[in-house]
Amino acid sequence: MALEYFVIDAFTDRQFAGNPAGVVLDADGLTDAQMQAIAAEFNLAETTFILPPTVPEASLRFRWFTPTLEVNMCGHATIAGLRALVDTGRIAHDDPASSTPTMIETRSGVLATSVESIPGTDGTLLFWLDLPKPVLRDIAVDYAELGSLLGLGHGAFDESMSPVRTQDEDLILFVRDFQTLNEARPEFGKLGAWQEQRGMRGLCLATTKTLTPSVHVQSRFFAPAAGINEDPVTGSAHGPLTAYLASRGLVPVHDGMAGLTCTQGIAGGRAGLLHALVAVADDGTCGVRIAGQAVPTMRGTLLLAD
């Protein structure tokens with residue numbers, strides 16, 4: 001069996017930045033075990049497998065695997081998958097004045113995506129994803145314990161911004177400023193055990209005290225329990241993160257809509273940028289769309305023995 005694959009850097013406008021994801025086209029002939037083995041072989045945070053849909057309202061189906069398990073939601077690997085579909089002509093984007101919508105079946109439901117051209121550029125594309133509706137639950141944490149796990153000292157956390165647990169079983173936790181965020185050096189073995197004990201996928205560490213006013217929030221994301229010590233840019237975490245900020249009045253909201261620019265990165269390593277549009281309802285619930293660019297770095301043939 002020979003299958004076409006890509007490696008694509010998502011949430012960046014240049015190669016070897018942002019968050020790399022594998023993409024395997026025409027994956028309907030693969031077993032679950034083969035998908036998991038391929039994801040482990042790529043050894044990237046996530047690999048997207050593109051299959052035919054099983055529901056009439058979707059055009060395609062995406063499945064996402066880390067090197068160790070299948071996940072319900074992945075933003076950057078979805079953006080990467082869309083780029084691969086455009087590059088192979090499976091999503092047409094012929095009109096720069098309009099966006100091209102595609103409905104994708106996933107374990108988190110049928111998600112709306114679209115591709116649009118950035119005005120004033122020579123065909124630069126922006127890939128949009130409507131995330132599942134964020135669910136935020138306040139949670140009590142032991143700051144001293146988390147400080148020890150994250151390598152942060154006393155006073156590192158912004159305790160005025162209450163921690164929350166999300167529908168993806170992530171913990172969102174705020175620190176006092178950008179410098180503190182960069183200083184975090186987790187003990188990944190202990191943090192992974194802590195997450196496993198609590199049934200958590202990951203920990204989003206964030207701050208609104210960024211280096212520039214044009215960036216609303218800066219974050220890092222740690223998921224050793226899911227086989228990813230630190231993720232460079234986590235699209236799925238930005239639904240709950242930006243909903244938190246918009247619903248609590250921590251960013252400007254005009255006519256029920258907030259637009260945010262967000263950055264995430266590994267201290268001294270890869271980083272990326274994404275955009276979010278948050279629609280805030282009267283009851284405080286939010287709908288979130290995220291967007292980013294994506295750049296291919298590899299394209300080839302995956303060879304599987306019979």
# chains A, B, ... in the order shown; residues from 1 in each chain; ligands from 1

$ residues_around --residues "region 143-160 of chain A" --least-positions-apart "2" --cutoff "9 Å" --atoms "only C-alpha atoms" --output "ChimeraX atom specification"
/A:141,162-163,173-177,180-181,183-188,190-191,194,207

$ write_last_selection --atoms "C-alpha atoms" --output "PDB file, in the first residue's frame"
ATOM      1  CA  VAL A 141      -5.656  23.949  42.588  1.00  0.00           C
ATOM      2  CA  SER A 162      -9.259  31.560  38.525  1.00  0.00           C
ATOM      3  CA  PRO A 163      -8.044  28.262  37.034  1.00  0.00           C
ATOM      4  CA  LEU A 173      -3.678  28.437  34.572  1.00  0.00           C
ATOM      5  CA  PHE A 174      -2.418  32.036  34.489  1.00  0.00           C
ATOM      6  CA  VAL A 175       0.970  33.371  35.539  1.00  0.00           C
ATOM      7  CA  ARG A 176       1.811  36.969  36.388  1.00  0.00           C
ATOM      8  CA  ASP A 177       3.745  37.975  33.233  1.00  0.00           C
ATOM      9  CA  THR A 180       7.398  34.089  34.374  1.00  0.00           C
ATOM     10  CA  LEU A 181       5.812  32.138  31.525  1.00  0.00           C
ATOM     11  CA  GLU A 183      10.833  30.674  33.117  1.00  0.00           C
ATOM     12  CA  ALA A 184       8.635  27.572  33.532  1.00  0.00           C
ATOM     13  CA  ARG A 185      10.716  24.384  33.388  1.00  0.00           C
ATOM     14  CA  PRO A 186       8.364  21.478  34.170  1.00  0.00           C
ATOM     15  CA  GLU A 187       9.419  18.143  35.607  1.00  0.00           C
ATOM     16  CA  PHE A 188       7.635  16.258  32.855  1.00  0.00           C
ATOM     17  CA  LYS A 190       5.996  14.182  37.655  1.00  0.00           C
ATOM     18  CA  LEU A 191       3.656  16.497  35.725  1.00  0.00           C
ATOM     19  CA  TRP A 194      -0.143  14.373  38.093  1.00  0.00           C
ATOM     20  CA  THR A 207      -0.531  35.340  30.599  1.00  0.00           C
TER      21      THR A 207
END

$ residues_around --residues "region 51-61 of chain A" --least-positions-apart "6" --cutoff "10 Å" --atoms "only C-alpha atoms" --output "VMD selection string"
chain A and resid 24 to 30 102 to 107 109 to 112

$ write_last_selection --atoms "N, CA and C atoms" --output "short mmCIF file (atom, residue, chain, number, x, y, z; two decimals), in the first residue's frame"
data_model
loop_
_atom_site.label_atom_id
_atom_site.label_comp_id
_atom_site.auth_asym_id
_atom_site.auth_seq_id
_atom_site.Cartn_x
_atom_site.Cartn_y
_atom_site.Cartn_z
N VAL A 24 -1.87 12.28 6.40
CA VAL A 24 -1.92 11.11 5.53
C VAL A 24 -3.23 11.13 4.77
N LEU A 25 -3.15 11.18 3.44
CA LEU A 25 -4.33 11.20 2.59
C LEU A 25 -4.82 9.77 2.32
N ASP A 26 -6.11 9.66 1.97
CA ASP A 26 -6.69 8.37 1.55
C ASP A 26 -6.43 7.27 2.56
N ALA A 27 -6.71 7.57 3.83
CA ALA A 27 -6.36 6.65 4.92
C ALA A 27 -7.44 5.63 5.22
N ASP A 28 -8.48 5.52 4.39
CA ASP A 28 -9.59 4.64 4.72
C ASP A 28 -9.21 3.17 4.68
N GLY A 29 -8.06 2.81 4.08
CA GLY A 29 -7.64 1.42 4.08
C GLY A 29 -6.79 1.03 5.28
N LEU A 30 -6.56 1.96 6.18
CA LEU A 30 -5.70 1.70 7.34
C LEU A 30 -6.51 1.23 8.53
N THR A 102 -15.69 23.89 4.13
CA THR A 102 -15.64 22.43 4.12
C THR A 102 -16.08 21.94 5.49
N MET A 103 -17.00 20.98 5.52
CA MET A 103 -17.48 20.39 6.77
C MET A 103 -16.73 19.09 7.00
N ILE A 104 -16.15 18.95 8.21
CA ILE A 104 -15.30 17.81 8.52
C ILE A 104 -15.85 17.04 9.71
N GLU A 105 -16.03 15.75 9.52
CA GLU A 105 -16.48 14.87 10.61
C GLU A 105 -15.29 14.51 11.49
N THR A 106 -15.47 14.63 12.81
CA THR A 106 -14.41 14.31 13.77
C THR A 106 -15.03 13.63 14.98
N ARG A 107 -14.20 13.20 15.91
CA ARG A 107 -14.70 12.66 17.17
C ARG A 107 -15.33 13.73 18.04
N GLY A 109 -17.46 15.91 16.73
CA GLY A 109 -18.61 16.37 15.97
C GLY A 109 -18.20 16.84 14.58
N VAL A 110 -19.16 17.37 13.83
CA VAL A 110 -18.89 17.90 12.50
C VAL A 110 -18.47 19.36 12.66
N LEU A 111 -17.26 19.67 12.21
CA LEU A 111 -16.69 21.00 12.39
C LEU A 111 -16.67 21.75 11.06
N ALA A 112 -17.00 23.02 11.13
CA ALA A 112 -16.96 23.88 9.94
C ALA A 112 -15.57 24.46 9.78
#

$ residues_around --residues "region 127-139 of chain A" --least-positions-apart "2" --cutoff "8 Å" --atoms "only C-alpha atoms" --output "VMD selection string"
chain A and resid 75 78 to 79 82 to 83 108 to 109 111 to 116 125 141 162 to 167 236 239 to 240 243 to 244 285 to 294

$ select_by_dssp --residues "region 175-231 of chain A" --states "helix (DSSP H, G or I)" --output "PyMOL selection string"
chain A and resi 178-183+188-197+224-226

$ write_last_selection --atoms "N, CA and C atoms" --output "PDB file, in the first residue's frame"
ATOM      1  N   PHE A 178       4.922  37.674  31.151  1.00  0.00           N
ATOM      2  CA  PHE A 178       5.599  36.929  30.092  1.00  0.00           C
ATOM      3  C   PHE A 178       6.902  36.313  30.584  1.00  0.00           C
ATOM      4  N   GLN A 179       7.661  37.050  31.385  1.00  0.00           N
ATOM      5  CA  GLN A 179       8.928  36.523  31.872  1.00  0.00           C
ATOM      6  C   GLN A 179       8.713  35.258  32.699  1.00  0.00           C
ATOM      7  N   THR A 180       7.700  35.269  33.566  1.00  0.00           N
ATOM      8  CA  THR A 180       7.398  34.089  34.374  1.00  0.00           C
ATOM      9  C   THR A 180       7.004  32.917  33.490  1.00  0.00           C
ATOM     10  N   LEU A 181       6.217  33.187  32.461  1.00  0.00           N
ATOM     11  CA  LEU A 181       5.812  32.138  31.525  1.00  0.00           C
ATOM     12  C   LEU A 181       7.040  31.469  30.906  1.00  0.00           C
ATOM     13  N   ASN A 182       8.011  32.267  30.479  1.00  0.00           N
ATOM     14  CA  ASN A 182       9.212  31.717  29.852  1.00  0.00           C
ATOM     15  C   ASN A 182      10.095  30.968  30.836  1.00  0.00           C
ATOM     16  N   GLU A 183       9.982  31.310  32.113  1.00  0.00           N
ATOM     17  CA  GLU A 183      10.833  30.674  33.117  1.00  0.00           C
ATOM     18  C   GLU A 183      10.363  29.271  33.508  1.00  0.00           C
ATOM     19  N   PHE A 188       8.665  16.874  33.688  1.00  0.00           N
ATOM     20  CA  PHE A 188       7.635  16.258  32.855  1.00  0.00           C
ATOM     21  C   PHE A 188       7.168  14.908  33.379  1.00  0.00           C
ATOM     22  N   GLY A 189       8.046  14.131  33.951  1.00  0.00           N
ATOM     23  CA  GLY A 189       7.623  12.854  34.507  1.00  0.00           C
ATOM     24  C   GLY A 189       6.613  13.034  35.619  1.00  0.00           C
ATOM     25  N   LYS A 190       6.905  13.934  36.536  1.00  0.00           N
ATOM     26  CA  LYS A 190       5.996  14.182  37.655  1.00  0.00           C
ATOM     27  C   LYS A 190       4.722  14.869  37.184  1.00  0.00           C
ATOM     28  N   LEU A 191       4.852  15.809  36.224  1.00  0.00           N
ATOM     29  CA  LEU A 191       3.656  16.497  35.725  1.00  0.00           C
ATOM     30  C   LEU A 191       2.751  15.517  34.987  1.00  0.00           C
ATOM     31  N   GLY A 192       3.334  14.602  34.194  1.00  0.00           N
ATOM     32  CA  GLY A 192       2.524  13.609  33.495  1.00  0.00           C
ATOM     33  C   GLY A 192       1.783  12.703  34.453  1.00  0.00           C
ATOM     34  N   ALA A 193       2.434  12.290  35.522  1.00  0.00           N
ATOM     35  CA  ALA A 193       1.762  11.457  36.525  1.00  0.00           C
ATOM     36  C   ALA A 193       0.640  12.233  37.203  1.00  0.00           C
ATOM     37  N   TRP A 194       0.882  13.510  37.483  1.00  0.00           N
ATOM     38  CA  TRP A 194      -0.143  14.373  38.093  1.00  0.00           C
ATOM     39  C   TRP A 194      -1.356  14.485  37.174  1.00  0.00           C
ATOM     40  N   GLN A 195      -1.121  14.647  35.870  1.00  0.00           N
ATOM     41  CA  GLN A 195      -2.223  14.739  34.910  1.00  0.00           C
ATOM     42  C   GLN A 195      -2.982  13.415  34.811  1.00  0.00           C
ATOM     43  N   GLU A 196      -2.252  12.322  34.742  1.00  0.00           N
ATOM     44  CA  GLU A 196      -2.904  11.010  34.637  1.00  0.00           C
ATOM     45  C   GLU A 196      -3.788  10.722  35.836  1.00  0.00           C
ATOM     46  N   GLN A 197      -3.331  11.076  37.030  1.00  0.00           N
ATOM     47  CA  GLN A 197      -4.115  10.851  38.240  1.00  0.00           C
ATOM     48  C   GLN A 197      -5.436  11.607  38.210  1.00  0.00           C
ATOM     49  N   PRO A 224       2.468  15.928  28.903  1.00  0.00           N
ATOM     50  CA  PRO A 224       3.246  14.687  28.979  1.00  0.00           C
ATOM     51  C   PRO A 224       2.375  13.449  29.154  1.00  0.00           C
ATOM     52  N   ALA A 225       1.191  13.588  29.763  1.00  0.00           N
ATOM     53  CA  ALA A 225       0.301  12.434  29.919  1.00  0.00           C
ATOM     54  C   ALA A 225      -0.209  11.926  28.582  1.00  0.00           C
ATOM     55  N   ALA A 226      -0.218  12.797  27.548  1.00  0.00           N
ATOM     56  CA  ALA A 226      -0.645  12.411  26.202  1.00  0.00           C
ATOM     57  C   ALA A 226       0.534  12.146  25.288  1.00  0.00           C
TER      58      ALA A 226
END

$ atom_distance --atom1 "CA of Ala77 (chain A)" --atom2 "CA of Ser98 (chain A)"
23.4 Å

$ closest_residue --among "A:Leu85, A:Ala271, A:Thr210, A:Leu44" --to "Asn229 (chain A)" --atoms "only C-alpha atoms"
A:Leu44

$ residues_around --residues "Thr31 (chain A)" --least-positions-apart "6" --cutoff "12 Å" --atoms "only C-alpha atoms" --output "ChimeraX atom specification"
/A:37-38,49,51,63,304

$ atom_distance --atom1 "CA of Ala2 (chain A)" --atom2 "CA of Ala305 (chain A)"
9.0 Å

$ closest_residue --among "A:Val233, A:Ala206, A:Leu277, A:Val253" --to "His76 (chain A)" --atoms "only C-alpha atoms"
A:Val233

$ closest_residue --among "A:Met257, A:Ala80, A:Met73, A:Ala237" --to "Gly22 (chain A)" --atoms "only C-alpha atoms"
A:Ala80

$ select_by_dssp --residues "region 46-181 of chain A" --states "strand (DSSP E)" --output "PyMOL selection string"
chain A and resi 46-51+60-65+70-71+100-106+109-117+125-130+136-138+164-166+170-174

$ write_last_selection --atoms "N, CA and C atoms" --output "tab-separated table (two decimals), in the first residue's frame"
chain	number	residue	atom	x	y	z
A	46	GLU	N	0.88	15.58	16.54
A	46	GLU	CA	-0.29	14.91	15.99
A	46	GLU	C	-0.10	14.61	14.52
A	47	THR	N	-0.78	13.56	14.08
A	47	THR	CA	-0.89	13.24	12.66
A	47	THR	C	-2.37	13.14	12.32
A	48	THR	N	-2.76	13.79	11.21
A	48	THR	CA	-4.13	13.74	10.72
A	48	THR	C	-4.26	12.66	9.66
A	49	PHE	N	-5.27	11.82	9.82
A	49	PHE	CA	-5.60	10.82	8.80
A	49	PHE	C	-6.92	11.25	8.17
A	50	ILE	N	-6.92	11.38	6.84
A	50	ILE	CA	-8.08	11.89	6.11
A	50	ILE	C	-8.81	10.73	5.46
A	51	LEU	N	-10.10	10.62	5.78
A	51	LEU	CA	-10.92	9.49	5.36
A	51	LEU	C	-12.25	9.99	4.79
A	60	LEU	N	-15.66	15.25	4.54
A	60	LEU	CA	-14.46	14.47	4.85
A	60	LEU	C	-14.51	14.07	6.31
A	61	ARG	N	-13.61	13.16	6.69
A	61	ARG	CA	-13.47	12.79	8.11
A	61	ARG	C	-12.00	12.88	8.47
A	62	PHE	N	-11.73	13.50	9.61
A	62	PHE	CA	-10.36	13.58	10.14
A	62	PHE	C	-10.27	12.76	11.42
A	63	ARG	N	-9.19	12.00	11.55
A	63	ARG	CA	-8.82	11.38	12.82
A	63	ARG	C	-7.43	11.85	13.19
A	64	TRP	N	-7.21	12.10	14.48
A	64	TRP	CA	-5.94	12.65	14.94
A	64	TRP	C	-5.30	11.70	15.95
A	65	PHE	N	-4.01	11.42	15.73
A	65	PHE	CA	-3.26	10.55	16.62
A	65	PHE	C	-1.98	11.26	17.07
A	70	GLU	N	-5.08	8.20	20.26
A	70	GLU	CA	-5.98	9.01	19.45
A	70	GLU	C	-6.63	10.08	20.32
A	71	VAL	N	-6.76	11.29	19.77
A	71	VAL	CA	-7.34	12.40	20.52
A	71	VAL	C	-8.64	12.86	19.87
A	100	THR	N	-13.75	29.34	1.07
A	100	THR	CA	-14.20	28.03	0.63
A	100	THR	C	-14.53	27.18	1.85
A	101	PRO	N	-15.83	26.87	2.10
A	101	PRO	CA	-16.18	26.11	3.30
A	101	PRO	C	-16.06	24.60	3.08
A	102	THR	N	-15.69	23.89	4.13
A	102	THR	CA	-15.64	22.43	4.12
A	102	THR	C	-16.08	21.94	5.49
A	103	MET	N	-17.00	20.98	5.52
A	103	MET	CA	-17.48	20.39	6.77
A	103	MET	C	-16.73	19.09	7.00
A	104	ILE	N	-16.15	18.95	8.21
A	104	ILE	CA	-15.30	17.81	8.52
A	104	ILE	C	-15.85	17.04	9.71
A	105	GLU	N	-16.03	15.75	9.52
A	105	GLU	CA	-16.48	14.87	10.61
A	105	GLU	C	-15.29	14.51	11.49
A	106	THR	N	-15.47	14.63	12.81
A	106	THR	CA	-14.41	14.31	13.77
A	106	THR	C	-15.03	13.63	14.98
A	109	GLY	N	-17.46	15.91	16.73
A	109	GLY	CA	-18.61	16.37	15.97
A	109	GLY	C	-18.20	16.84	14.58
A	110	VAL	N	-19.16	17.37	13.83
A	110	VAL	CA	-18.89	17.90	12.50
A	110	VAL	C	-18.47	19.36	12.66
A	111	LEU	N	-17.26	19.67	12.21
A	111	LEU	CA	-16.69	21.00	12.39
A	111	LEU	C	-16.67	21.75	11.06
A	112	ALA	N	-17.00	23.02	11.13
A	112	ALA	CA	-16.96	23.88	9.94
A	112	ALA	C	-15.57	24.46	9.78
A	113	THR	N	-15.03	24.37	8.58
A	113	THR	CA	-13.73	24.96	8.26
A	113	THR	C	-13.89	25.79	7.00
A	114	SER	N	-12.93	26.67	6.78
A	114	SER	CA	-12.94	27.44	5.53
A	114	SER	C	-11.53	27.91	5.21
A	115	VAL	N	-11.34	28.21	3.94
A	115	VAL	CA	-10.06	28.71	3.44
A	115	VAL	C	-10.33	30.05	2.78
A	116	GLU	N	-9.54	31.07	3.15
A	116	GLU	CA	-9.71	32.37	2.52
A	116	GLU	C	-8.36	32.98	2.19
A	117	SER	N	-8.36	33.86	1.19
A	117	SER	CA	-7.16	34.58	0.82
A	117	SER	C	-7.03	35.83	1.68
A	125	LEU	N	-2.87	32.23	2.05
A	125	LEU	CA	-4.12	31.63	2.53
A	125	LEU	C	-4.18	31.62	4.05
A	126	LEU	N	-5.39	31.81	4.55
A	126	LEU	CA	-5.68	31.70	5.98
A	126	LEU	C	-6.70	30.58	6.15
A	127	PHE	N	-6.43	29.68	7.08
A	127	PHE	CA	-7.27	28.49	7.29
A	127	PHE	C	-8.05	28.67	8.59
A	128	TRP	N	-9.38	28.61	8.49
A	128	TRP	CA	-10.28	28.85	9.63
A	128	TRP	C	-10.90	27.53	10.11
A	129	LEU	N	-11.07	27.44	11.42
A	129	LEU	CA	-11.69	26.27	12.04
A	129	LEU	C	-12.65	26.74	13.12
A	130	ASP	N	-13.91	26.32	13.03
A	130	ASP	CA	-14.88	26.57	14.11
A	130	ASP	C	-14.71	25.48	15.15
A	136	LEU	N	-16.13	25.71	30.33
A	136	LEU	CA	-15.15	26.07	31.35
A	136	LEU	C	-15.72	25.78	32.73
A	137	ARG	N	-14.96	25.05	33.53
A	137	ARG	CA	-15.38	24.74	34.89
A	137	ARG	C	-14.31	25.21	35.86
A	138	ASP	N	-14.68	26.09	36.77
A	138	ASP	CA	-13.73	26.53	37.79
A	138	ASP	C	-13.22	25.33	38.58
A	164	VAL	N	-9.34	27.07	35.37
A	164	VAL	CA	-10.51	26.36	34.85
A	164	VAL	C	-10.07	25.06	34.19
A	165	ARG	N	-11.00	24.11	34.16
A	165	ARG	CA	-10.81	22.86	33.43
A	165	ARG	C	-11.74	22.89	32.22
A	166	THR	N	-11.28	22.44	31.08
A	166	THR	CA	-12.02	22.57	29.83
A	166	THR	C	-12.68	21.26	29.43
A	170	ASP	N	-8.30	19.88	29.78
A	170	ASP	CA	-7.10	20.67	29.97
A	170	ASP	C	-7.30	21.60	31.16
A	171	LEU	N	-6.22	21.91	31.85
A	171	LEU	CA	-6.22	22.91	32.90
A	171	LEU	C	-5.65	24.20	32.33
A	172	ILE	N	-6.38	25.31	32.47
A	172	ILE	CA	-5.88	26.63	32.09
A	172	ILE	C	-5.50	27.37	33.36
A	173	LEU	N	-4.26	27.84	33.37
A	173	LEU	CA	-3.68	28.44	34.57
A	173	LEU	C	-2.89	29.67	34.15
A	174	PHE	N	-3.05	30.78	34.87
A	174	PHE	CA	-2.42	32.04	34.49
A	174	PHE	C	-1.25	32.37	35.42

$ atom_distance --atom1 "CA of Gly249 (chain A)" --atom2 "CA of His216 (chain A)"
12.4 Å
